[in-house]
Amino acid sequence: MAKDSLFAKSMITTQDWLVEDLERVLKLAFEMKEDRYSDKYTSLLKFRTFLMFFYNPSVRTRQSFEAAATELGGHAQFLEPKSMRLKTKKSAGETIEDAAQVMSRYGAGLGIRILEDKVPEYGAGDALLREYAKYSTIPILNMADDKFHPMQGLADVMGLRMHLGQNLKGKKLLQVWGHGALSRSWCSIQESLLINSRMGMDVSLCYPEGYDLDPEVIEMVKENCKKTGAKFEITHEQQEGYKDADVVYSRNWMSPNAYSPDGEYLKAKEVEKALKYPEWICDSEKMKLTNEALFIHPMPVDRGHEVSDEVASSKKSIMIDVAENRLHVQKAVMALTMSENL
Amino acid sequence: MAKDSLFAKSMITTQDWLVEDLERVLKLAFEMKEDRYSDKYTSLLKFRTFLMFFYNPSVRTRQSFEAAATELGGHAQFLEPKSMRLKTKKSAGETIEDAAQVMSRYGAGLGIRILEDKVPEYGAGDALLREYAKYSTIPILNMADDKFHPMQGLADVMGLRMHLGQNLKGKKLLQVWGHGALSRSWCSIQESLLINSRMGMDVSLCYPEGYDLDPEVIEMVKENCKKTGAKFEITHEQQEGYKDADVVYSRNWMSPNAYSPDGEYLKAKEVEKALKYPEWICDSEKMKLTNEALFIHPMPVDRGHEVSDEVASSKKSIMIDVAENRLHVQKAVMALTMSENL
Amino acid sequence: MAKDSLFAKSMITTQDWLVEDLERVLKLAFEMKEDRYSDKYTSLLKFRTFLMFFYNPSVRTRQSFEAAATELGGHAQFLEPKSMRLKTKKSAGETIEDAAQVMSRYGAGLGIRILEDKVPEYGAGDALLREYAKYSTIPILNMADDKFHPMQGLADVMGLRMHLGQNLKGKKLLQVWGHGALSRSWCSIQESLLINSRMGMDVSLCYPEGYDLDPEVIEMVKENCKKTGAKFEITHEQQEGYKDADVVYSRNWMSPNAYSPDGEYLKAKEVEKALKYPEWICDSEKMKLTNEALFIHPMPVDRGHEVSDEVASSKKSIMIDVAENRLHVQKAVMALTMSENL
C-alpha cells in the first residue's frame, strides 16, 4: 500500500511525460485489460472521488472515464460548467486559484475537457488546464483540450501494439485528413503525432493545402523523430501518404483559420470548406496502396466522409478496440497518479 | 458464480419474453424486496457500469434504475442525448452500429428511454431500441419507449400479487382513460394489457371514442387472452368498465391523432382535447361499482383529472407500492441479464 | 449495527436541532476528518442512495455532498428540477405528497437546494423543504434554501474550532456586508448568526442601511444570545464592527427589496445597488482593528469586492479549511440521520 512516484502528477499531454513513464502506463493498461475486475484493481480508488469538468460534452470520454473510476472502486462526478461560477473576463465568480484549492480537498483527481469552441483563441483551453495544475495538489487529467488529447494517444498506441506487436519502430503511420461536416479539433491528431513519433514510428502527415496544424507541435514532432531516428514527412499527395503505410488514421480537422479575428470559432464556415474535398476519403482503393494497413480512428467516425463504410467495418479496422483501450489506459493513469493503495 | 441463461437478453417488452422467464424475474424481485441489502445481491454487478440514455427526462425511472444499479454494487451513468453525437437524417454523427459496439465494451447493460415527442412517428422509438439490440452484445433494457414499458408492467403485476395473491387468473382489471393535461404515452397502458392478459386477468379497456390504442398491440392482447382463456373487452361505457372490477388503472393517454402529418407530436392540441371529458375521472362513486377494487397507477398521477384525491389517497390505492416495485423488478432483470456472478 | 436516535431526522436549519445534537455532529465530523477513509465510516451508507435536488446549481455543495455519499459507501443521485414533473400553480404535475412518498421508498435521504430566484417570495423555498419533510419518511437535508444553510453553519463552527479551540464562548464574530456583483442569498449569513450565537460567540452584525436581514431570524438570534449570555449588536459603522473581532466573515447579501411586488427576484437591480459601496470591503487596513482575526467565507468568494486578495490569501484566511469541513459535517449528519449500520 503506497503511492507511486507518479502520484499527483498531471497529464496534460504525453509529451510532458518521460517515455519510460508512458511505458509503465501502457504495461499496467495491458494487465488491467487482461484481468479487468480483479481485486488487485477494484480497490485502488476505493471511496475516492474523481471530478470531471465537461466544458464540452462527450460520448466516449465521459463513459470511459466514469466507468474507469467505477472499476477502480471510486466514483466520478459529472460536472458541467453551467454549474460552476468561475470568474471570467465578463462576469464575477470564483478564481481558478480558489476553485482548485477547494477541489483538492474533496477529490483525488480532476479531469477537464475544453475544446476550441469554448475558448477565445487556440491554446487558451490548454492554458486553463495548466492554471488548474498550478494551484491544485491533485493531478489534472486532460480529457481533451484544444491542443492535446493524451488518453487518446495512449489508447492508439495500445491498439497498435495489440495488432502489430510491442515494437512499433519503423512501422509507417499515415495521418490523413478526411473531408466532412464535423470540423474537428486538432487534439487527437496532434497527440498521435507526438506519441507515435516518440514510439519510433515513421509518420506521414497528409492533407490538402490550407490545413496546417500547430507549427509548434510540428516542431516537437520533428525533435521527437530526431531522437528516435524515425522519419517524418508532410505531403499533400494522398498516393504518397498511403504508399506502404502500416496504419491509416483518417480524420477531419479544422483549418488554422477556424477562429475569427475576435476569437469566435466559426464552425459553419469550416464545415462548408471541408465538404469541398470529396476525394479526401479513406476507401478500399487507397487502402490497396498500403502494406495491408490497419485502420484506426478516435471515433465518433464520420462514415462516408472520413472513411468508407467498407473500410470502417472491415477486419482491418481496429477502432472499436482502440475505443475500448481508452478505458484501460485511463484506469492505468488514474491508478498511478491518484491511488494511495497501489 | 455464473451467468444466467437470460444473460445478455434484451428486454424491450415483456411480450418478447416467455412467461416462465417473467415468473423468474418476479420471484427474484420478491426475494430482493424481502432482503434488500443482502450480500447475496449487493455484489451481483460489482464495479460494473449500467449506461442509461434518457432521450426523455424521467423521475421515477431515473431514480429507480440508478438506485437499482447501486444496490447491486454497480454504477449507473446518467446520459442525456445532448451529450451524444449520433447520426440523424439531419446531421452528421455516429451510427448506432458504432455506438452500440463501443458501449458494449464499456458497460454491462444499456437502458434507453425515448417517447413519442422525440421521434418522427409512432414506433420509431421502439425501432431505435431494437436497432441498438441488433448491434450490441450487452442487453438493451427499455426504460419506456413510445410502444412499451416492460418494467412498469412487471411492477404492476408484482403490486397486484402483493395485494391479491400470486394467482391473478380470473380477476378483472379495468384500464380506463382519464382526462387531463399531460397527454401521455401509450407505453404503460399497452404493457399492462399485454402482461396482465398473459397472467390470465380479465381485461376491460374503457375509453371515449377516438382514443384507440395501437391496433397491433390490441391484436396481441387478444391472442394472449386466447391462450390463457382470459376475457378481453373494449367499451366506451364507464359503468360497464367499473362493474365488478378487482383493479382499476385510470390513466390519461393521447389520441392516435397526436402526430401531425410531418411527424411532429402536437402536445398542446392533445391536451386541449383531453380536457373536454371531465366525467372521465376515477372517483369514489365509480369505485362503488367495483368489487372493492384496488387502485393502481404508474405515477406521476394527475390528481383531480385522472383520479380524485380521495381515491388516490385511499387505503385501496397501491400506487406507492407499485412505484417501489419498479426498483425490485429492475434489480431482478438487471441481475439476470447483466450479472456474471449470479 | 443500529440506528441513531437522530435517524430519519431532517435538518432544515441548525436552529431546529438541540445544541447537544449539533455537538454530536461536530464531534463525529472531527473524527471523520482524522480518519477519512476508515472502514468505520465507509460502510455506513453501503449501497444506499442519497437523492439530491438542485433547483439551483452549485459548485461546492454538489461536490461535497456527492463525495460525502461516496465516502460513506453510498451513492448520491444528482437530480435537477427540469427532470422533475412536479405540480406548480402554473402546470399539471406530481404533488409533493406523492413525490415524497415514492422517494422514501428509493432513497435513504433527500437533499434539496432552492434559493430566492426560484421561488415567488422569501420563505417559499424553506416552506417547500418543510412540505417534503412532512410527507417523507426519510430525512430532508437542506443544501441551502432562501432562509437557512445548516451545513455551512456547521462547517463554519468546525473551522473556528480548528483554529480557536473548542470553546468559542466570548470570542467576537463580525458578520460584515461586502459590496459586489453577486447579490447573494441570506441563508449562509443567517445560519451563521443562529449557530454561532448558540455557541456563545459575541456577534456583531454590520451593514449599510437598507440591508436588513429577516427580522424573525434576528429575533431568534437575540433569544439565542439571552440563553447563552452572548452579546449581539447591529451596527452600520465598520470601525465599530471590526474592533477587537476574533473572526471576520465578510460577505455580500441582497437587500430586502430584492423581490418585485409580483414575486420576481430582480438580481440586476440588486447588483447595481450593491456596487455603490466600494468602501465595504474587508482589507488589511480594517483587519488591523481586529484581535488578529481569522477571515472566513462560505465561498465562492468575490475577490476585490467582498475581500481584498491580500486578506483572502493571507495566513489568517481559513476559508479553504471551512470549505473542506462541508464534507466532514455533511458526512456526520448523513451518518447520524441516514445510516442503519452506525
# chains A, B, ... in the order shown; residues from 1 in each chain; ligands from 1

call {"tool": "residues_around", "arguments": {"residues": "Thr49 (chain C)", "least_positions_apart": "6", "cutoff": "7 Å", "atoms": "only C-alpha atoms", "output": "list of chain:residue names"}}
result
B:Ala67, C:Gly74, C:His75, C:Ala76, C:Gly107, C:Ala108

call {"tool": "residues_around", "arguments": {"residues": "Asp321 (chain C)", "least_positions_apart": "6", "cutoff": "10 Å", "atoms": "only C-alpha atoms", "output": "VMD selection string"}}
result
(chain A and resid 101 to 102 105) or (chain C and resid 155 to 156 158 to 160 162 to 163 296)

call {"tool": "write_last_selection", "arguments": {"atoms": "C-alpha atoms", "output": "PDB file, in the first residue's frame"}}
result
ATOM      1  CA  GLN A 101      -7.630  24.542  -3.800  1.00  0.00           C
ATOM      2  CA  VAL A 102     -11.096  23.501  -2.644  1.00  0.00           C
ATOM      3  CA  ARG A 105      -9.689  18.835  -0.579  1.00  0.00           C
TER       4      ARG A 105
ATOM      5  CA  ALA C 155     -18.696  23.873   8.708  1.00  0.00           C
ATOM      6  CA  ASP C 156     -18.073  27.421   9.942  1.00  0.00           C
ATOM      7  CA  MET C 158     -15.850  23.392  12.821  1.00  0.00           C
ATOM      8  CA  GLY C 159     -13.378  25.730  11.112  1.00  0.00           C
ATOM      9  CA  LEU C 160     -13.372  28.165  14.019  1.00  0.00           C
ATOM     10  CA  MET C 162      -9.872  24.028  14.425  1.00  0.00           C
ATOM     11  CA  HIS C 163      -8.169  27.401  14.759  1.00  0.00           C
ATOM     12  CA  ILE C 296     -13.821  33.123   6.934  1.00  0.00           C
TER      13      ILE C 296
END

call {"tool": "closest_residue", "arguments": {"among": "C:Glu306, C:Glu97, C:Glu209, C:Asp214", "to": "chain A", "atoms": "only C-alpha atoms"}}
result
C:Glu306

call {"tool": "select_by_dssp", "arguments": {"residues": "region 114-280 of chain B", "states": "alpha helix (DSSP H)", "output": "PyMOL selection string"}}
result
chain B and resi 124-135+150-164+187-198+215-228+238-242+267-274

call {"tool": "write_last_selection", "arguments": {"atoms": "C-alpha atoms", "output": "tab-separated table (two decimals), in the first residue's frame"}}
result
chain	number	residue	atom	x	y	z
B	124	ALA	CA	-39.72	4.87	-34.27
B	125	GLY	CA	-38.64	4.94	-30.62
B	126	ASP	CA	-39.18	1.22	-30.19
B	127	ALA	CA	-37.37	0.61	-33.50
B	128	LEU	CA	-34.37	2.56	-32.21
B	129	LEU	CA	-34.10	0.23	-29.22
B	130	ARG	CA	-34.26	-2.79	-31.48
B	131	GLU	CA	-31.51	-1.36	-33.65
B	132	TYR	CA	-29.32	-0.93	-30.56
B	133	ALA	CA	-30.10	-4.52	-29.57
B	134	LYS	CA	-29.07	-5.74	-33.01
B	135	TYR	CA	-25.55	-4.29	-32.76
B	150	PRO	CA	-41.84	-3.58	-19.58
B	151	MET	CA	-40.50	-2.56	-16.15
B	152	GLN	CA	-43.76	-0.80	-15.37
B	153	GLY	CA	-45.72	-3.87	-16.45
B	154	LEU	CA	-43.66	-6.11	-14.18
B	155	ALA	CA	-44.02	-3.68	-11.27
B	156	ASP	CA	-47.80	-3.61	-11.79
B	157	VAL	CA	-48.02	-7.41	-11.63
B	158	MET	CA	-45.82	-7.51	-8.54
B	159	GLY	CA	-48.06	-4.93	-6.84
B	160	LEU	CA	-51.22	-6.87	-7.66
B	161	ARG	CA	-49.72	-10.09	-6.34
B	162	MET	CA	-48.70	-8.37	-3.09
B	163	HIS	CA	-52.34	-7.43	-2.50
B	164	LEU	CA	-54.36	-10.09	-4.36
B	187	CYS	CA	-46.44	2.59	-23.32
B	188	SER	CA	-47.57	1.91	-19.75
B	189	ILE	CA	-51.13	1.04	-20.77
B	190	GLN	CA	-50.11	-1.21	-23.62
B	191	GLU	CA	-47.57	-3.04	-21.49
B	192	SER	CA	-50.18	-3.56	-18.78
B	193	LEU	CA	-52.66	-5.00	-21.28
B	194	LEU	CA	-50.01	-7.34	-22.64
B	195	ILE	CA	-48.56	-8.70	-19.42
B	196	ASN	CA	-51.80	-8.93	-17.47
B	197	SER	CA	-53.57	-10.79	-20.25
B	198	ARG	CA	-50.72	-13.30	-20.18
B	215	PRO	CA	-54.28	-1.96	-33.21
B	216	GLU	CA	-51.31	-4.33	-33.46
B	217	VAL	CA	-50.95	-4.36	-29.69
B	218	ILE	CA	-54.69	-4.96	-29.29
B	219	GLU	CA	-54.34	-7.97	-31.57
B	220	MET	CA	-51.52	-9.31	-29.39
B	221	VAL	CA	-53.66	-8.87	-26.30
B	222	LYS	CA	-56.46	-10.84	-27.93
B	223	GLU	CA	-54.01	-13.60	-28.81
B	224	ASN	CA	-52.72	-13.62	-25.24
B	225	CYS	CA	-56.28	-13.98	-23.96
B	226	LYS	CA	-56.97	-16.87	-26.28
B	227	LYS	CA	-54.00	-18.74	-24.82
B	228	THR	CA	-54.84	-18.06	-21.17
B	238	GLN	CA	-67.59	3.59	-17.78
B	239	GLN	CA	-70.40	1.81	-15.89
B	240	GLU	CA	-69.64	-1.31	-17.88
B	241	GLY	CA	-65.92	-0.99	-17.25
B	242	TYR	CA	-66.05	-0.40	-13.50
B	267	LYS	CA	-48.98	18.00	-27.32
B	268	ALA	CA	-50.89	21.26	-26.91
B	269	LYS	CA	-53.67	20.09	-29.25
B	270	GLU	CA	-53.93	16.78	-27.39
B	271	VAL	CA	-54.14	18.46	-24.01
B	272	GLU	CA	-56.90	20.77	-25.17
B	273	LYS	CA	-58.87	17.80	-26.44
B	274	ALA	CA	-58.23	15.66	-23.35

call {"tool": "residues_around", "arguments": {"residues": "Asp117 (chain C)", "least_positions_apart": "3", "cutoff": "8 Å", "atoms": "only C-alpha atoms", "output": "mmCIF file with N, CA and C atoms, in the first residue's frame"}}
result
data_model
loop_
_atom_site.group_PDB
_atom_site.id
_atom_site.type_symbol
_atom_site.label_atom_id
_atom_site.label_comp_id
_atom_site.auth_asym_id
_atom_site.auth_seq_id
_atom_site.Cartn_x
_atom_site.Cartn_y
_atom_site.Cartn_z
ATOM 1 N N PRO C 120 -41.427 32.387 -5.547
ATOM 2 C CA PRO C 120 -42.126 33.661 -5.764
ATOM 3 C C PRO C 120 -41.990 34.646 -4.618
ATOM 4 N N GLU C 264 -40.930 38.464 -8.511
ATOM 5 C CA GLU C 264 -39.764 38.193 -9.333
ATOM 6 C C GLU C 264 -38.521 38.669 -8.589
ATOM 7 N N TYR C 265 -37.501 37.863 -8.610
ATOM 8 C CA TYR C 265 -36.254 38.222 -7.948
ATOM 9 C C TYR C 265 -35.421 39.054 -8.924
#

call {"tool": "residues_around", "arguments": {"residues": "Glu66 (chain A)", "least_positions_apart": "3", "cutoff": "9 Å", "atoms": "only C-alpha atoms", "output": "list in words"}}
result
Phe50, Met52, Thr61, Arg62, Gln63, Ala69, Thr70, Glu71, His75, Ala76, Gln77 and Phe78 of chain A; Thr49 and Gln77 of chain B

call {"tool": "write_last_selection", "arguments": {"atoms": "N, CA and C atoms", "output": "PDB file, in the first residue's frame"}}
result
ATOM      1  N   PHE A  50     -13.368  11.224  -8.288  1.00  0.00           N
ATOM      2  CA  PHE A  50     -12.711  11.833  -9.450  1.00  0.00           C
ATOM      3  C   PHE A  50     -13.670  12.875 -10.008  1.00  0.00           C
ATOM      4  N   MET A  52     -14.939  15.473 -12.772  1.00  0.00           N
ATOM      5  CA  MET A  52     -14.817  15.640 -14.222  1.00  0.00           C
ATOM      6  C   MET A  52     -15.533  16.918 -14.650  1.00  0.00           C
ATOM      7  N   THR A  61     -15.513   9.787 -23.961  1.00  0.00           N
ATOM      8  CA  THR A  61     -14.664  10.269 -22.881  1.00  0.00           C
ATOM      9  C   THR A  61     -15.411  10.209 -21.557  1.00  0.00           C
ATOM     10  N   ARG A  62     -16.658  10.643 -21.573  1.00  0.00           N
ATOM     11  CA  ARG A  62     -17.434  10.615 -20.351  1.00  0.00           C
ATOM     12  C   ARG A  62     -17.675   9.162 -19.896  1.00  0.00           C
ATOM     13  N   GLN A  63     -18.148   8.344 -20.839  1.00  0.00           N
ATOM     14  CA  GLN A  63     -18.449   6.959 -20.483  1.00  0.00           C
ATOM     15  C   GLN A  63     -17.214   6.223 -19.982  1.00  0.00           C
ATOM     16  N   ALA A  69     -13.409   5.093 -13.187  1.00  0.00           N
ATOM     17  CA  ALA A  69     -13.488   5.368 -11.748  1.00  0.00           C
ATOM     18  C   ALA A  69     -14.253   4.261 -11.034  1.00  0.00           C
ATOM     19  N   THR A  70     -15.372   3.838 -11.616  1.00  0.00           N
ATOM     20  CA  THR A  70     -16.177   2.758 -11.016  1.00  0.00           C
ATOM     21  C   THR A  70     -15.355   1.476 -10.881  1.00  0.00           C
ATOM     22  N   GLU A  71     -14.629   1.120 -11.936  1.00  0.00           N
ATOM     23  CA  GLU A  71     -13.894  -0.147 -11.933  1.00  0.00           C
ATOM     24  C   GLU A  71     -12.704  -0.125 -10.984  1.00  0.00           C
ATOM     25  N   HIS A  75     -15.558   6.873  -7.570  1.00  0.00           N
ATOM     26  CA  HIS A  75     -16.739   7.470  -8.183  1.00  0.00           C
ATOM     27  C   HIS A  75     -16.343   8.738  -8.928  1.00  0.00           C
ATOM     28  N   ALA A  76     -16.839   8.862 -10.154  1.00  0.00           N
ATOM     29  CA  ALA A  76     -16.583  10.067 -10.947  1.00  0.00           C
ATOM     30  C   ALA A  76     -17.799  10.972 -10.889  1.00  0.00           C
ATOM     31  N   GLN A  77     -17.569  12.226 -10.557  1.00  0.00           N
ATOM     32  CA  GLN A  77     -18.652  13.215 -10.582  1.00  0.00           C
ATOM     33  C   GLN A  77     -18.680  13.886 -11.942  1.00  0.00           C
ATOM     34  N   PHE A  78     -19.853  13.893 -12.559  1.00  0.00           N
ATOM     35  CA  PHE A  78     -20.026  14.512 -13.870  1.00  0.00           C
ATOM     36  C   PHE A  78     -20.455  15.968 -13.684  1.00  0.00           C
TER      37      PHE A  78
ATOM     38  N   THR B  49     -20.778  -1.126 -14.950  1.00  0.00           N
ATOM     39  CA  THR B  49     -21.459   0.100 -15.368  1.00  0.00           C
ATOM     40  C   THR B  49     -22.736  -0.222 -16.126  1.00  0.00           C
ATOM     41  N   GLN B  77     -24.673   5.219 -15.174  1.00  0.00           N
ATOM     42  CA  GLN B  77     -24.305   6.527 -15.744  1.00  0.00           C
ATOM     43  C   GLN B  77     -25.546   7.180 -16.324  1.00  0.00           C
TER      44      GLN B  77
END

call {"tool": "residues_around", "arguments": {"residues": "Tyr55 (chain C)", "least_positions_apart": "2", "cutoff": "8 Å", "atoms": "only C-alpha atoms", "output": "VMD selection string"}}
result
chain C and resid 53 57 80 to 81 112 to 115 118

call {"tool": "residues_around", "arguments": {"residues": "region 168-177 of chain B", "least_positions_apart": "3", "cutoff": "7 Å", "atoms": "only C-alpha atoms", "output": "ChimeraX atom specification"}}
result
/B:199-207,230,241-242,245-253,280

call {"tool": "closest_atom_pairs", "arguments": {"of": "chain C", "to": "chain A", "cutoff": "10 Å", "atoms": "only C-alpha atoms", "output": "CSV"}}
result
residue,atom,partner,partner_atom,distance
C:Arg36,CA,A:Phe47,CA,9.9
C:Tyr37,CA,A:Phe47,CA,7.3
C:Thr42,CA,A:Phe47,CA,7.3
C:Ser43,CA,A:Phe47,CA,10.0
C:Asn56,CA,A:Ser83,CA,8.8
C:Pro57,CA,A:Ser83,CA,5.2
C:Ser58,CA,A:Ser83,CA,5.7
C:Val59,CA,A:Met84,CA,5.5
C:Arg60,CA,A:Val102,CA,8.1
C:Arg62,CA,A:Ser83,CA,9.1
C:Gln63,CA,A:Tyr106,CA,7.3
C:Ser64,CA,A:Tyr106,CA,6.6
C:Phe65,CA,A:Tyr106,CA,9.9
C:Glu66,CA,A:Gln77,CA,7.6
C:Ala67,CA,A:Thr49,CA,6.1
C:Ala68,CA,A:Tyr106,CA,9.0
C:Ala69,CA,A:Phe47,CA,9.1
C:Thr70,CA,A:Phe47,CA,5.5
C:Glu71,CA,A:Phe47,CA,4.9
C:Leu72,CA,A:Phe47,CA,7.6
C:Gly73,CA,A:Phe47,CA,6.6
C:Gly74,CA,A:Phe47,CA,9.1
C:His75,CA,A:His75,CA,8.7
C:Ala76,CA,A:Gln77,CA,9.8
C:Phe78,CA,A:Phe78,CA,9.1
C:Gly180,CA,A:Ala92,CA,8.5
C:Ala181,CA,A:Ala92,CA,6.4
C:Leu182,CA,A:Ala92,CA,7.1
C:Met299,CA,A:Glu94,CA,8.1
C:Pro300,CA,A:Glu94,CA,5.4
C:Val301,CA,A:Glu94,CA,6.2
C:Asp302,CA,A:Gly93,CA,6.2
C:Arg303,CA,A:Glu94,CA,8.0
C:Gly304,CA,A:Ala92,CA,10.0
C:His305,CA,A:Ala92,CA,9.6
C:Ala312,CA,A:Asp98,CA,9.6
C:Ser313,CA,A:Asp98,CA,9.3
C:Met319,CA,A:Val102,CA,9.1
C:Ile320,CA,A:Val102,CA,5.9
C:Asp321,CA,A:Val102,CA,8.4
C:Val322,CA,A:Val102,CA,9.5
C:Ala323,CA,A:Val102,CA,6.5
C:Glu324,CA,A:Arg105,CA,5.8
C:Asn325,CA,A:Arg105,CA,9.3
C:Arg326,CA,A:Tyr106,CA,9.6
C:Leu327,CA,A:Tyr106,CA,7.4

call {"tool": "residues_around", "arguments": {"residues": "Ser339 (chain B)", "least_positions_apart": "6", "cutoff": "8 Å", "atoms": "only C-alpha atoms", "output": "list of chain:residue names"}}
result
B:Lys3, B:Asp4, B:Phe7, B:Leu44, B:Leu45, B:Ala108

call {"tool": "atom_distance", "arguments": {"atom1": "CA of Cys282 (chain C)", "atom2": "CA of Tyr259 (chain C)"}}
result
27.3 Å

call {"tool": "select_by_dssp", "arguments": {"residues": "region 26-271 of chain A", "states": "strand (DSSP E)", "output": "PDB file with C-alpha atoms, in the first residue's frame"}}
result
ATOM      1  CA  THR A  49     -13.873  10.950  -5.953  1.00  0.00           C
ATOM      2  CA  PHE A  50     -12.711  11.833  -9.450  1.00  0.00           C
ATOM      3  CA  LEU A  51     -14.082  15.224 -10.512  1.00  0.00           C
ATOM      4  CA  MET A  52     -14.817  15.640 -14.222  1.00  0.00           C
ATOM      5  CA  PHE A  53     -15.411  19.049 -15.814  1.00  0.00           C
ATOM      6  CA  PHE A  54     -17.001  18.876 -19.218  1.00  0.00           C
ATOM      7  CA  HIS A  75     -16.739   7.470  -8.183  1.00  0.00           C
ATOM      8  CA  ALA A  76     -16.583  10.067 -10.947  1.00  0.00           C
ATOM      9  CA  GLN A  77     -18.652  13.215 -10.582  1.00  0.00           C
ATOM     10  CA  PHE A  78     -20.026  14.512 -13.870  1.00  0.00           C
ATOM     11  CA  LEU A  79     -19.823  18.321 -13.723  1.00  0.00           C
ATOM     12  CA  GLY A 109      -8.112  13.929  -9.250  1.00  0.00           C
ATOM     13  CA  LEU A 110      -9.676  16.370 -11.681  1.00  0.00           C
ATOM     14  CA  GLY A 111     -10.381  15.710 -15.353  1.00  0.00           C
ATOM     15  CA  ILE A 112     -11.073  18.633 -17.677  1.00  0.00           C
ATOM     16  CA  ARG A 113     -12.383  18.713 -21.255  1.00  0.00           C
ATOM     17  CA  ILE A 114     -12.372  22.023 -23.084  1.00  0.00           C
ATOM     18  CA  ILE A 140      -5.188  17.331 -13.576  1.00  0.00           C
ATOM     19  CA  LEU A 141      -6.027  14.825 -16.301  1.00  0.00           C
ATOM     20  CA  ASN A 142      -6.659  16.174 -19.772  1.00  0.00           C
ATOM     21  CA  MET A 143      -9.900  14.733 -21.159  1.00  0.00           C
ATOM     22  CA  ALA A 144      -9.189  16.567 -24.476  1.00  0.00           C
ATOM     23  CA  ASP A 145      -8.312  20.217 -24.843  1.00  0.00           C
ATOM     24  CA  LYS A 172       4.668   3.677 -41.119  1.00  0.00           C
ATOM     25  CA  LEU A 173       1.734   5.623 -39.706  1.00  0.00           C
ATOM     26  CA  LEU A 174      -0.315   7.735 -42.111  1.00  0.00           C
ATOM     27  CA  GLN A 175      -2.243  10.607 -40.522  1.00  0.00           C
ATOM     28  CA  VAL A 176      -4.520  11.730 -43.300  1.00  0.00           C
ATOM     29  CA  TRP A 177      -7.121  14.482 -43.420  1.00  0.00           C
ATOM     30  CA  ASP A 202       7.646   6.735 -39.287  1.00  0.00           C
ATOM     31  CA  VAL A 203       4.934   9.346 -39.585  1.00  0.00           C
ATOM     32  CA  SER A 204       3.431  10.694 -42.789  1.00  0.00           C
ATOM     33  CA  LEU A 205       1.116  13.652 -42.350  1.00  0.00           C
ATOM     34  CA  CYS A 206      -1.070  14.208 -45.401  1.00  0.00           C
ATOM     35  CA  PHE A 232       8.595  12.415 -40.628  1.00  0.00           C
ATOM     36  CA  GLU A 233       7.082  13.893 -43.767  1.00  0.00           C
ATOM     37  CA  ILE A 234       4.328  16.290 -44.656  1.00  0.00           C
ATOM     38  CA  THR A 235       2.694  15.723 -48.024  1.00  0.00           C
ATOM     39  CA  VAL A 247      -1.529   2.125 -40.209  1.00  0.00           C
ATOM     40  CA  VAL A 248      -4.013   4.613 -41.681  1.00  0.00           C
ATOM     41  CA  TYR A 249      -5.607   7.175 -39.401  1.00  0.00           C
ATOM     42  CA  SER A 250      -8.074   9.235 -41.462  1.00  0.00           C
ATOM     43  CA  ARG A 251      -9.708  12.107 -39.694  1.00  0.00           C
TER      44      ARG A 251
END

call {"tool": "atom_distance", "arguments": {"atom1": "CA of Tyr277 (chain A)", "atom2": "CA of Gly263 (chain A)"}}
result
26.1 Å
